[in-house]
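K.L.:
So that you have it, the file is structure_16.cif, and it contains mmCIF, C-alpha atoms and all ligand atoms; chains and numbers go by the auth columns:
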data_model
#
loop_
_atom_site.group_PDB
_atom_site.id
_atom_site.type_symbol
_atom_site.label_atom_id
_atom_site.label_comp_id
_atom_site.label_asym_id
_atom_site.label_seq_id
_atom_site.Cartn_x
_atom_site.Cartn_y
_atom_site.Cartn_z
_atom_site.B_iso_or_equiv
_atom_site.auth_seq_id
_atom_site.auth_asym_id
ATOM 1 C CA MET A 1 7.774 -18.712 -18.684 0.00 12 A
ATOM 2 C CA PRO A 2 4.310 -18.358 -20.223 0.00 13 A
ATOM 3 C CA SER A 3 1.817 -20.698 -18.662 0.00 14 A
ATOM 4 C CA HIS A 4 0.204 -23.507 -20.668 0.00 15 A
ATOM 5 C CA ASP A 5 -2.903 -23.464 -18.539 0.00 16 A
ATOM 6 C CA ALA A 6 -6.358 -22.681 -19.885 0.00 17 A
ATOM 7 C CA PRO A 7 -6.415 -19.323 -21.674 0.00 18 A
ATOM 8 C CA SER A 8 -7.294 -16.271 -19.649 0.00 19 A
ATOM 9 C CA HIS A 9 -10.833 -14.963 -19.975 0.00 20 A
ATOM 10 C CA ALA A 10 -9.417 -11.672 -21.237 0.00 21 A
ATOM 11 C CA PRO A 11 -9.005 -11.728 -25.029 0.00 22 A
ATOM 12 C CA ALA A 12 -6.196 -9.151 -24.804 0.00 23 A
ATOM 13 C CA ASP A 13 -4.237 -11.642 -22.708 0.00 24 A
ATOM 14 C CA ALA A 14 -4.458 -14.535 -25.101 0.00 25 A
ATOM 15 C CA ALA A 15 -1.680 -13.586 -27.535 0.00 26 A
ATOM 16 C CA SER A 16 0.840 -12.185 -25.120 0.00 27 A
ATOM 17 C CA PRO A 17 -0.167 -12.311 -21.480 0.00 28 A
ATOM 18 C CA ALA A 18 0.618 -9.197 -19.493 0.00 29 A
ATOM 19 C CA ARG A 19 3.057 -9.740 -16.638 0.00 30 A
ATOM 20 C CA PHE A 20 1.803 -7.966 -13.568 0.00 31 A
ATOM 21 C CA LEU A 21 3.638 -6.450 -10.658 0.00 32 A
ATOM 22 C CA ALA A 22 1.225 -5.176 -7.991 0.00 33 A
ATOM 23 C CA LEU A 23 2.500 -2.867 -5.262 0.00 34 A
ATOM 24 C CA LEU A 24 -0.003 -2.465 -2.470 0.00 35 A
ATOM 25 C CA ASP A 25 -0.143 0.046 0.318 0.00 36 A
ATOM 26 C CA TYR A 26 -1.650 -1.454 3.437 0.00 37 A
ATOM 27 C CA ASP A 27 -3.470 0.922 5.773 0.00 38 A
ATOM 28 C CA GLY A 28 -6.634 2.394 4.267 0.00 39 A
ATOM 29 C CA THR A 29 -5.936 0.661 0.932 0.00 40 A
ATOM 30 C CA MET A 30 -6.226 -3.053 1.690 0.00 41 A
ATOM 31 C CA THR A 31 -8.200 -2.271 4.844 0.00 42 A
ATOM 32 C CA THR A 32 -11.640 -0.651 4.865 0.00 43 A
ATOM 33 C CA HIS A 33 -10.567 1.962 7.432 0.00 44 A
ATOM 34 C CA GLU A 34 -7.436 3.897 8.389 0.00 45 A
ATOM 35 C CA CYS A 35 -6.326 1.623 11.227 0.00 46 A
ATOM 36 C CA ASN A 36 -3.385 3.809 12.229 0.00 47 A
ATOM 37 C CA GLU A 37 -5.695 6.818 12.618 0.00 48 A
ATOM 38 C CA ILE A 38 -8.280 4.838 14.610 0.00 49 A
ATOM 39 C CA VAL A 39 -5.601 3.558 16.976 0.00 50 A
ATOM 40 C CA LEU A 40 -3.850 6.942 17.297 0.00 51 A
ATOM 41 C CA GLN A 41 -7.191 8.549 18.155 0.00 52 A
ATOM 42 C CA ARG A 42 -7.801 5.916 20.807 0.00 53 A
ATOM 43 C CA PHE A 43 -4.418 6.334 22.509 0.00 54 A
ATOM 44 C CA VAL A 44 -3.559 10.029 22.020 0.00 55 A
ATOM 45 C CA GLY A 45 -6.847 11.788 21.177 0.00 56 A
ATOM 46 C CA ASP A 46 -6.602 14.567 18.590 0.00 57 A
ATOM 47 C CA ALA A 47 -2.864 15.127 19.169 0.00 58 A
ATOM 48 C CA TRP A 48 -1.937 13.205 15.966 0.00 59 A
ATOM 49 C CA LYS A 49 -3.994 15.419 13.665 0.00 60 A
ATOM 50 C CA PRO A 50 -1.804 18.546 13.237 0.00 61 A
ATOM 51 C CA LEU A 51 1.090 16.360 12.014 0.00 62 A
ATOM 52 C CA GLU A 52 -1.215 14.693 9.484 0.00 63 A
ATOM 53 C CA ALA A 53 -2.252 18.098 8.147 0.00 64 A
ATOM 54 C CA GLU A 54 1.421 19.073 7.711 0.00 65 A
ATOM 55 C CA SER A 55 2.073 15.872 5.749 0.00 66 A
ATOM 56 C CA LYS A 56 -0.956 16.259 3.475 0.00 67 A
ATOM 57 C CA ALA A 57 0.161 19.808 2.677 0.00 68 A
ATOM 58 C CA ASP A 58 3.656 18.456 1.763 0.00 69 A
ATOM 59 C CA ARG A 59 5.228 20.516 4.590 0.00 70 A
ATOM 60 C CA MET A 60 6.425 17.384 6.405 0.00 71 A
ATOM 61 C CA SER A 61 7.412 14.022 4.948 0.00 72 A
ATOM 62 C CA HIS A 62 4.829 11.304 5.599 0.00 73 A
ATOM 63 C CA ALA A 63 7.609 9.187 7.096 0.00 74 A
ATOM 64 C CA GLU A 64 8.527 11.818 9.686 0.00 75 A
ATOM 65 C CA CYS A 65 4.829 12.388 10.370 0.00 76 A
ATOM 66 C CA PHE A 66 4.093 8.727 11.151 0.00 77 A
ATOM 67 C CA ASP A 67 7.281 8.319 13.192 0.00 78 A
ATOM 68 C CA ARG A 68 6.376 11.336 15.342 0.00 79 A
ATOM 69 C CA GLN A 69 2.813 10.075 15.777 0.00 80 A
ATOM 70 C CA VAL A 70 4.053 6.662 16.930 0.00 81 A
ATOM 71 C CA GLN A 71 6.353 8.391 19.444 0.00 82 A
ATOM 72 C CA MET A 72 3.206 9.758 21.160 0.00 83 A
ATOM 73 C CA ILE A 73 1.769 6.286 21.912 0.00 84 A
ATOM 74 C CA PRO A 74 2.002 5.433 25.634 0.00 85 A
ATOM 75 C CA ALA A 75 0.428 1.936 25.460 0.00 86 A
ATOM 76 C CA PRO A 76 2.293 -1.345 26.000 0.00 87 A
ATOM 77 C CA ARG A 77 3.385 -3.110 22.814 0.00 88 A
ATOM 78 C CA THR A 78 0.828 -5.959 22.886 0.00 89 A
ATOM 79 C CA GLN A 79 -1.980 -3.416 23.370 0.00 90 A
ATOM 80 C CA PHE A 80 -0.741 -1.117 20.606 0.00 91 A
ATOM 81 C CA VAL A 81 -0.071 -3.828 18.014 0.00 92 A
ATOM 82 C CA GLY A 82 -3.196 -5.747 19.085 0.00 93 A
ATOM 83 C CA ALA A 83 -5.332 -2.640 18.532 0.00 94 A
ATOM 84 C CA LEU A 84 -3.843 -2.157 15.042 0.00 95 A
ATOM 85 C CA VAL A 85 -4.683 -5.735 14.050 0.00 96 A
ATOM 86 C CA GLU A 86 -8.128 -5.598 15.623 0.00 97 A
ATOM 87 C CA ALA A 87 -8.985 -2.424 13.685 0.00 98 A
ATOM 88 C CA ALA A 88 -8.002 -4.009 10.351 0.00 99 A
ATOM 89 C CA GLU A 89 -10.908 -5.216 8.245 0.00 100 A
ATOM 90 C CA PRO A 90 -9.943 -6.448 4.750 0.00 101 A
ATOM 91 C CA SER A 91 -11.331 -4.538 1.800 0.00 102 A
ATOM 92 C CA PRO A 92 -13.998 -6.589 -0.046 0.00 103 A
ATOM 93 C CA GLY A 93 -12.485 -8.617 -2.876 0.00 104 A
ATOM 94 C CA LEU A 94 -8.893 -8.433 -1.572 0.00 105 A
ATOM 95 C CA ALA A 95 -8.408 -12.206 -1.212 0.00 106 A
ATOM 96 C CA GLU A 96 -9.978 -12.844 -4.623 0.00 107 A
ATOM 97 C CA PHE A 97 -7.813 -10.138 -6.215 0.00 108 A
ATOM 98 C CA LEU A 98 -4.644 -11.761 -4.847 0.00 109 A
ATOM 99 C CA ALA A 99 -5.788 -15.242 -5.936 0.00 110 A
ATOM 100 C CA GLU A 100 -6.421 -14.032 -9.495 0.00 111 A
ATOM 101 C CA LEU A 101 -3.051 -12.261 -9.540 0.00 112 A
ATOM 102 C CA ALA A 102 -1.387 -15.555 -8.590 0.00 113 A
ATOM 103 C CA ARG A 103 -3.391 -17.357 -11.287 0.00 114 A
ATOM 104 C CA ARG A 104 -2.031 -14.854 -13.830 0.00 115 A
ATOM 105 C CA ALA A 105 1.507 -15.502 -12.507 0.00 116 A
ATOM 106 C CA GLY A 106 1.751 -11.900 -11.272 0.00 117 A
ATOM 107 C CA ARG A 107 3.945 -10.733 -8.440 0.00 118 A
ATOM 108 C CA ALA A 108 2.860 -8.632 -5.497 0.00 119 A
ATOM 109 C CA ALA A 109 4.431 -6.791 -2.604 0.00 120 A
ATOM 110 C CA VAL A 110 3.088 -4.813 0.313 0.00 121 A
ATOM 111 C CA VAL A 111 4.836 -1.427 0.384 0.00 122 A
ATOM 112 C CA SER A 112 3.929 0.409 3.544 0.00 123 A
ATOM 113 C CA ALA A 113 5.285 2.755 6.173 0.00 124 A
ATOM 114 C CA GLY A 114 3.016 0.833 8.562 0.00 125 A
ATOM 115 C CA ILE A 115 4.153 -1.576 11.242 0.00 126 A
ATOM 116 C CA ARG A 116 5.305 -4.906 9.792 0.00 127 A
ATOM 117 C CA GLU A 117 4.289 -6.871 12.896 0.00 128 A
ATOM 118 C CA ALA A 118 0.663 -5.716 12.553 0.00 129 A
ATOM 119 C CA ILE A 119 0.546 -6.286 8.773 0.00 130 A
ATOM 120 C CA ALA A 120 1.978 -9.800 9.131 0.00 131 A
ATOM 121 C CA ALA A 121 -0.564 -10.630 11.873 0.00 132 A
ATOM 122 C CA PHE A 122 -3.413 -9.350 9.651 0.00 133 A
ATOM 123 C CA TRP A 123 -2.092 -11.437 6.741 0.00 134 A
ATOM 124 C CA THR A 124 -2.015 -14.610 8.865 0.00 135 A
ATOM 125 C CA ARG A 125 -5.440 -13.947 10.393 0.00 136 A
ATOM 126 C CA GLU A 126 -7.006 -13.443 6.948 0.00 137 A
ATOM 127 C CA ASP A 127 -5.173 -16.495 5.513 0.00 138 A
ATOM 128 C CA LEU A 128 -3.922 -14.498 2.515 0.00 139 A
ATOM 129 C CA PRO A 129 -1.322 -15.941 0.101 0.00 140 A
ATOM 130 C CA PRO A 130 2.377 -15.415 0.937 0.00 141 A
ATOM 131 C CA ILE A 131 3.665 -11.965 -0.025 0.00 142 A
ATOM 132 C CA ASP A 132 6.787 -9.838 0.446 0.00 143 A
ATOM 133 C CA ILE A 133 6.207 -7.109 3.016 0.00 144 A
ATOM 134 C CA TYR A 134 8.242 -3.901 2.860 0.00 145 A
ATOM 135 C CA ALA A 135 7.220 -2.074 6.020 0.00 146 A
ATOM 136 C CA SER A 136 8.481 -0.512 9.242 0.00 147 A
ATOM 137 C CA GLU A 137 9.897 -2.085 12.350 0.00 148 A
ATOM 138 C CA LEU A 138 8.358 -0.830 15.582 0.00 149 A
ATOM 139 C CA ILE A 139 11.205 -0.232 18.007 0.00 150 A
ATOM 140 C CA GLY A 140 10.234 0.065 21.666 0.00 151 A
ATOM 141 C CA GLU A 141 12.905 1.330 24.026 0.00 152 A
ATOM 142 C CA GLY A 142 10.948 0.626 27.233 0.00 153 A
ATOM 143 C CA PRO A 143 10.267 -2.592 29.179 0.00 154 A
ATOM 144 C CA ASP A 144 8.969 -5.491 27.018 0.00 155 A
ATOM 145 C CA ALA A 145 9.957 -3.494 23.930 0.00 156 A
ATOM 146 C CA GLY A 146 7.240 -1.014 24.903 0.00 157 A
ATOM 147 C CA PRO A 147 7.125 2.792 24.815 0.00 158 A
ATOM 148 C CA PRO A 148 8.792 5.091 24.002 0.00 159 A
ATOM 149 C CA TYR A 149 8.537 3.888 20.415 0.00 160 A
ATOM 150 C CA HIS A 150 10.052 4.903 17.138 0.00 161 A
ATOM 151 C CA LEU A 151 9.984 3.432 13.643 0.00 162 A
ATOM 152 C CA GLU A 152 12.730 2.006 11.500 0.00 163 A
ATOM 153 C CA PHE A 153 11.549 2.198 7.910 0.00 164 A
ATOM 154 C CA SER A 154 12.247 -0.502 5.338 0.00 165 A
ATOM 155 C CA PRO A 155 15.836 -0.155 4.066 0.00 166 A
ATOM 156 C CA ALA A 156 14.448 -0.721 0.545 0.00 167 A
ATOM 157 C CA LEU A 157 12.833 2.743 0.561 0.00 168 A
ATOM 158 C CA GLY A 158 14.811 5.420 -1.282 0.00 169 A
ATOM 159 C CA ASP A 159 15.789 9.070 -1.018 0.00 170 A
ATOM 160 C CA CYS A 160 13.402 11.625 -2.466 0.00 171 A
ATOM 161 C CA PRO A 161 12.983 15.393 -2.152 0.00 172 A
ATOM 162 C CA ARG A 162 9.220 14.939 -1.544 0.00 173 A
ATOM 163 C CA CYS A 163 9.237 11.933 0.783 0.00 174 A
ATOM 164 C CA GLY A 164 12.519 12.600 2.577 0.00 175 A
ATOM 165 C CA PRO A 165 15.715 10.567 2.911 0.00 176 A
ATOM 166 C CA LYS A 166 15.235 6.754 2.845 0.00 177 A
ATOM 167 C CA SER A 167 11.445 7.182 2.741 0.00 178 A
ATOM 168 C CA CYS A 168 10.308 6.955 -0.891 0.00 179 A
ATOM 169 C CA LYS A 169 8.255 3.964 -2.026 0.00 180 A
ATOM 170 C CA ALA A 170 9.145 4.520 -5.699 0.00 181 A
ATOM 171 C CA ALA A 171 12.600 3.002 -5.038 0.00 182 A
ATOM 172 C CA ILE A 172 10.919 -0.354 -4.338 0.00 183 A
ATOM 173 C CA LEU A 173 8.945 -0.109 -7.584 0.00 184 A
ATOM 174 C CA ARG A 174 12.205 0.516 -9.499 0.00 185 A
ATOM 175 C CA ALA A 175 13.952 -2.379 -7.750 0.00 186 A
ATOM 176 C CA LEU A 176 11.153 -4.899 -8.408 0.00 187 A
ATOM 177 C CA ARG A 177 10.052 -3.817 -11.903 0.00 188 A
ATOM 178 C CA ARG A 178 11.270 -6.064 -14.730 0.00 189 A
ATOM 179 C CA PRO A 179 11.216 -4.992 -18.387 0.00 190 A
ATOM 180 C CA GLY A 180 7.731 -5.476 -19.825 0.00 191 A
ATOM 181 C CA ASP A 181 5.989 -5.632 -16.446 0.00 192 A
ATOM 182 C CA VAL A 182 2.605 -3.974 -16.130 0.00 193 A
ATOM 183 C CA VAL A 183 2.953 -2.200 -12.808 0.00 194 A
ATOM 184 C CA LEU A 184 -0.217 -1.697 -10.762 0.00 195 A
ATOM 185 C CA VAL A 185 -0.008 0.571 -7.722 0.00 196 A
ATOM 186 C CA PHE A 186 -2.680 0.602 -5.011 0.00 197 A
ATOM 187 C CA GLY A 187 -2.768 3.381 -2.466 0.00 198 A
ATOM 188 C CA ASP A 188 -4.603 6.102 -0.605 0.00 199 A
ATOM 189 C CA GLY A 189 -2.033 8.513 0.786 0.00 200 A
ATOM 190 C CA ALA A 190 0.658 11.083 0.036 0.00 201 A
ATOM 191 C CA SER A 191 3.333 8.393 0.331 0.00 202 A
ATOM 192 C CA ASP A 192 1.806 6.519 -2.627 0.00 203 A
ATOM 193 C CA LEU A 193 2.117 9.432 -5.063 0.00 204 A
ATOM 194 C CA CYS A 194 5.747 8.772 -6.056 0.00 205 A
ATOM 195 C CA PRO A 195 5.111 5.116 -7.059 0.00 206 A
ATOM 196 C CA ALA A 196 1.818 6.171 -8.704 0.00 207 A
ATOM 197 C CA ARG A 197 3.771 8.541 -10.958 0.00 208 A
ATOM 198 C CA GLU A 198 5.827 5.566 -12.223 0.00 209 A
ATOM 199 C CA ALA A 199 3.016 2.982 -12.375 0.00 210 A
ATOM 200 C CA ASP A 200 1.263 1.884 -15.548 0.00 211 A
ATOM 201 C CA LEU A 201 -2.076 2.041 -13.754 0.00 212 A
ATOM 202 C CA THR A 202 -2.899 3.234 -10.252 0.00 213 A
ATOM 203 C CA PHE A 203 -5.892 2.308 -8.116 0.00 214 A
ATOM 204 C CA ALA A 204 -6.468 5.116 -5.671 0.00 215 A
ATOM 205 C CA ARG A 205 -8.641 6.071 -2.734 0.00 216 A
ATOM 206 C CA GLY A 206 -8.834 9.238 -0.660 0.00 217 A
ATOM 207 C CA HIS A 207 -6.001 11.743 -0.810 0.00 218 A
ATOM 208 C CA LEU A 208 -4.100 9.791 -3.489 0.00 219 A
ATOM 209 C CA ALA A 209 -7.152 9.876 -5.788 0.00 220 A
ATOM 210 C CA GLU A 210 -7.175 13.699 -5.555 0.00 221 A
ATOM 211 C CA ARG A 211 -3.453 13.853 -6.301 0.00 222 A
ATOM 212 C CA CYS A 212 -3.712 11.429 -9.265 0.00 223 A
ATOM 213 C CA ALA A 213 -6.560 13.466 -10.736 0.00 224 A
ATOM 214 C CA ALA A 214 -4.669 16.742 -10.214 0.00 225 A
ATOM 215 C CA GLU A 215 -1.568 15.364 -11.970 0.00 226 A
ATOM 216 C CA GLY A 216 -3.475 13.671 -14.797 0.00 227 A
ATOM 217 C CA LEU A 217 -2.068 10.225 -13.988 0.00 228 A
ATOM 218 C CA GLU A 218 -3.538 7.003 -15.365 0.00 229 A
ATOM 219 C CA TRP A 219 -5.722 5.918 -12.457 0.00 230 A
ATOM 220 C CA ARG A 220 -8.999 4.284 -11.416 0.00 231 A
ATOM 221 C CA PRO A 221 -10.996 4.663 -8.199 0.00 232 A
ATOM 222 C CA LEU A 222 -10.592 1.889 -5.628 0.00 233 A
ATOM 223 C CA PRO A 223 -13.817 1.677 -3.605 0.00 234 A
ATOM 224 C CA ASP A 224 -12.744 -1.942 -2.932 0.00 235 A
ATOM 225 C CA PHE A 225 -11.010 -4.758 -4.877 0.00 236 A
ATOM 226 C CA THR A 226 -14.072 -6.341 -6.497 0.00 237 A
ATOM 227 C CA ARG A 227 -13.790 -4.462 -9.835 0.00 238 A
ATOM 228 C CA VAL A 228 -10.018 -4.283 -10.135 0.00 239 A
ATOM 229 C CA TRP A 229 -9.493 -7.052 -12.700 0.00 240 A
ATOM 230 C CA ALA A 230 -12.405 -5.819 -14.812 0.00 241 A
ATOM 231 C CA ASP A 231 -10.798 -2.353 -14.824 0.00 242 A
ATOM 232 C CA VAL A 232 -7.360 -3.779 -15.611 0.00 243 A
ATOM 233 C CA ASP A 233 -8.661 -5.864 -18.528 0.00 244 A
ATOM 234 C CA GLU A 234 -10.596 -2.902 -19.898 0.00 245 A
ATOM 235 C CA TRP A 235 -7.479 -0.730 -19.640 0.00 246 A
ATOM 236 C CA LEU A 236 -5.326 -3.419 -21.351 0.00 247 A
ATOM 237 C CA ALA A 237 -7.847 -3.704 -24.184 0.00 248 A
ATOM 238 C CA GLN A 238 -7.845 0.091 -24.656 0.00 249 A
ATOM 239 C CA ARG A 239 -4.055 0.110 -24.623 0.00 250 A
ATOM 240 C CA ALA A 240 -3.908 -2.705 -27.216 0.00 251 A
ATOM 241 C CA ALA A 241 -6.440 -0.891 -29.407 0.00 252 A
ATOM 242 C CA SER A 242 -4.378 2.292 -29.301 0.00 253 A
ATOM 243 C CA GLY A 243 -1.328 0.350 -30.452 0.00 254 A
ATOM 244 C CA HIS A 244 0.912 0.613 -27.367 0.00 255 A
HETATM 245 ZN ZN ZN B . 9.075 10.035 -3.092 0.00 301 B
#
Kindly transcribe the structure held in the file into structure tokens.
P.N.:
Amino acid sequence: MPSHDAPSHAPADAASPARFLALLDYDGTMTTHECNEIVLQRFVGDAWKPLEAESKADRMSHAECFDRQVQMIPAPRTQFVGALVEAAEPSPGLAEFLAELARRAGRAAVVSAGIREAIAAFWTREDLPPIDIYASELIGEGPDAGPPYHLEFSPALGDCPRCGPKSCKAAILRALRRPGDVVLVFGDGASDLCPAREADLTFARGHLAERCAAEGLEWRPLPDFTRVWADVDEWLAQRAASGH
């Protein structure tokens, strides 16, 4: 239902408000640093890096890459998960972005291969609004659910020749998208390329930014979240002016 609240500050919204669906990667997108990489470096040294290179070159699925990296971690569960949460610093403007999305009656979901336990702890610590989290379960086969670890990815992920079986984030986009939604995708890595290809507008950092540029996708840089709504409103106005 359209809201009867005060009109949005965006003129393009006034006649027919856009309905937003925002799909957000977690690590390195909503956080200022790559927490998984920081924590891998701390516990296994450089041993994680060759796998990362394989994934970036599309020779290994990002899902298999992260699973194999997590298998290397020898630390007890509380230490491993605690280090992931400790390393996570929210990107400037994230809380305000989510608050404005809620004000515009938009929907959001975290779509990540990362560890759900760590993302949920970050969310609670930062007092962010409730959100659906599609992420991985950390399974520890040792004492106290500790190492050796492996990952069980979200069952909502789909099959894809690029990402591998049951590993593609675009399946979640297709499941959540309703007709007329304006889909915003936020990401930084190879795993975000498939949803970016199906998004209306992508906000990208790092490797994903290079891939979006190379493929000529509709995208904007994401240094942080402070300019996102300004970029979205500008893009909506351009789209309205071009008659789409
Ligand atoms: Zn895919």
K.L.:
A:Gly93, A:His218, A:Ala186, A:Ser72: which is nearest ligand ZN 301 (chain B), counting only C-alpha atoms and all ligand atoms?
P.N.:
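Between A:Gly93, A:His218, A:Ala186, A:Ser72, the residue approaching ligand ZN 301 (chain B) most closely is A:Ser72.
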K.L.:
Env of Val81 in chain A: 9 Å cut, atoms = all atoms listed in the file, seq-sep filter 4 positions within chain, self excluded. Answer as a PyMOL selection string.
P.N.:
chain A and resi 51+59+76-77+149+159-162
K.L.:
Can those selected residues be exported to a file as a PDB file, keeping the file's coordinate frame so that it contains C-alpha atoms?
P.N.:
ATOM      1  CA  LEU A  51      -3.850   6.942  17.297  1.00  0.00           C
ATOM      2  CA  TRP A  59      -1.937  13.205  15.966  1.00  0.00           C
ATOM      3  CA  CYS A  76       4.829  12.388  10.370  1.00  0.00           C
ATOM      4  CA  PHE A  77       4.093   8.727  11.151  1.00  0.00           C
ATOM      5  CA  LEU A 149       8.358  -0.830  15.582  1.00  0.00           C
ATOM      6  CA  PRO A 159       8.792   5.091  24.002  1.00  0.00           C
ATOM      7  CA  TYR A 160       8.537   3.888  20.415  1.00  0.00           C
ATOM      8  CA  HIS A 161      10.052   4.903  17.138  1.00  0.00           C
ATOM      9  CA  LEU A 162       9.984   3.432  13.643  1.00  0.00           C
TER      10      LEU A 162
END
K.L.:
Could you list, as JSON, numbers by chain, every residue matched by the PyMOL selection byres (((chain A and resi 198) around 6) and not hetatm) in this structure?
P.N.:
{"A": [36, 40, 197, 199, 203, 215]}
K.L.:
Please produce a file of the residues just selected, as a PDB file, in the frame of the given file, where the atoms kept are C-alpha atoms.
P.N.:
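Ended up saving to part15.pdb:
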ATOM      1  CA  ASP A  36      -0.143   0.046   0.318  1.00  0.00           C
ATOM      2  CA  THR A  40      -5.936   0.661   0.932  1.00  0.00           C
ATOM      3  CA  PHE A 197      -2.680   0.602  -5.011  1.00  0.00           C
ATOM      4  CA  ASP A 199      -4.603   6.102  -0.605  1.00  0.00           C
ATOM      5  CA  ASP A 203       1.806   6.519  -2.627  1.00  0.00           C
ATOM      6  CA  ALA A 215      -6.468   5.116  -5.671  1.00  0.00           C
TER       7      ALA A 215
END
K.L.:
Identify, counting only C-alpha atoms and all ligand atoms, the protein, DNA and RNA residues located within 9 Å of ligand ZN 301 (chain B), and give them as number ranges by chain.
P.N.:
A: 168-176, 178-182, 202-206
K.L.:
If we count only C-alpha atoms, what is near Glu137 in chain A at a cut-off of 10 Å, once residues fewer than 3 positions away on the same chain are taken out, given as a PyMOL selection string?
P.N.:
chain A and resi 100-101+106+131-134+140
K.L.:
Kindly resolve the PyMOL selection byres (((chain A and resi 128) around 12) and not hetatm) on the present coordinates and return the residues as a ChimeraX atom specification.
P.N.:
/A:88-89,91-96,123-127,129-135,144-150,162
K.L.:
With all atoms listed in the file as the counted atoms, please give the residues lying no more than 7 Å from Asp192 in chain A, apart from itself and same-chain residues fewer than 6 positions off, as a JSON list (two decimals) with C-alpha atoms, keeping the file's coordinate frame.
P.N.:
[["chain", "number", "residue", "atom", "x", "y", "z"],
["A", 30, "ARG", "CA", 3.06, -9.74, -16.64],
["A", 31, "PHE", "CA", 1.80, -7.97, -13.57],
["A", 32, "LEU", "CA", 3.64, -6.45, -10.66]]
K.L.:
Can you tell me how far CA of Trp246 in chain A sits from CA of Pro103 in chain A, in Å to one decimal?
P.N.:
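For CA of Trp246 in chain A relative to CA of Pro103 in chain A, the distance reads 21.5 Å.
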K.L.:
Take the PyMOL selection byres (((chain A and resi 142) around 8) and not hetatm), apply it to the structure above, and return the hits as a list in words.
P.N.:
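Output from the PyMOL selection byres (((chain A and resi 142) around 8) and not hetatm), applied to this file: Ala119, Ala120, Val121, Pro140, Pro141, Asp143 and Ile144 of chain A.
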K.L.:
Report, in Å with one decimal, the straight-line distance from CA of Gly117 in chain A to CA of Val239 in chain A.
P.N.:
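So the two atoms, CA of Gly117 in chain A and CA of Val239 in chain A, lie 14.1 Å apart.
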K.L.:
Please determine, counting all atoms listed in the file, which residue among A:Ala98, A:Ile183, A:Ala225, A:Ala58 has the shortest atom-to-atom distance to Arg79 in chain A.
P.N.:
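Using all atoms listed in the file, the shortest distance to Arg79 in chain A belongs to A:Ala58.
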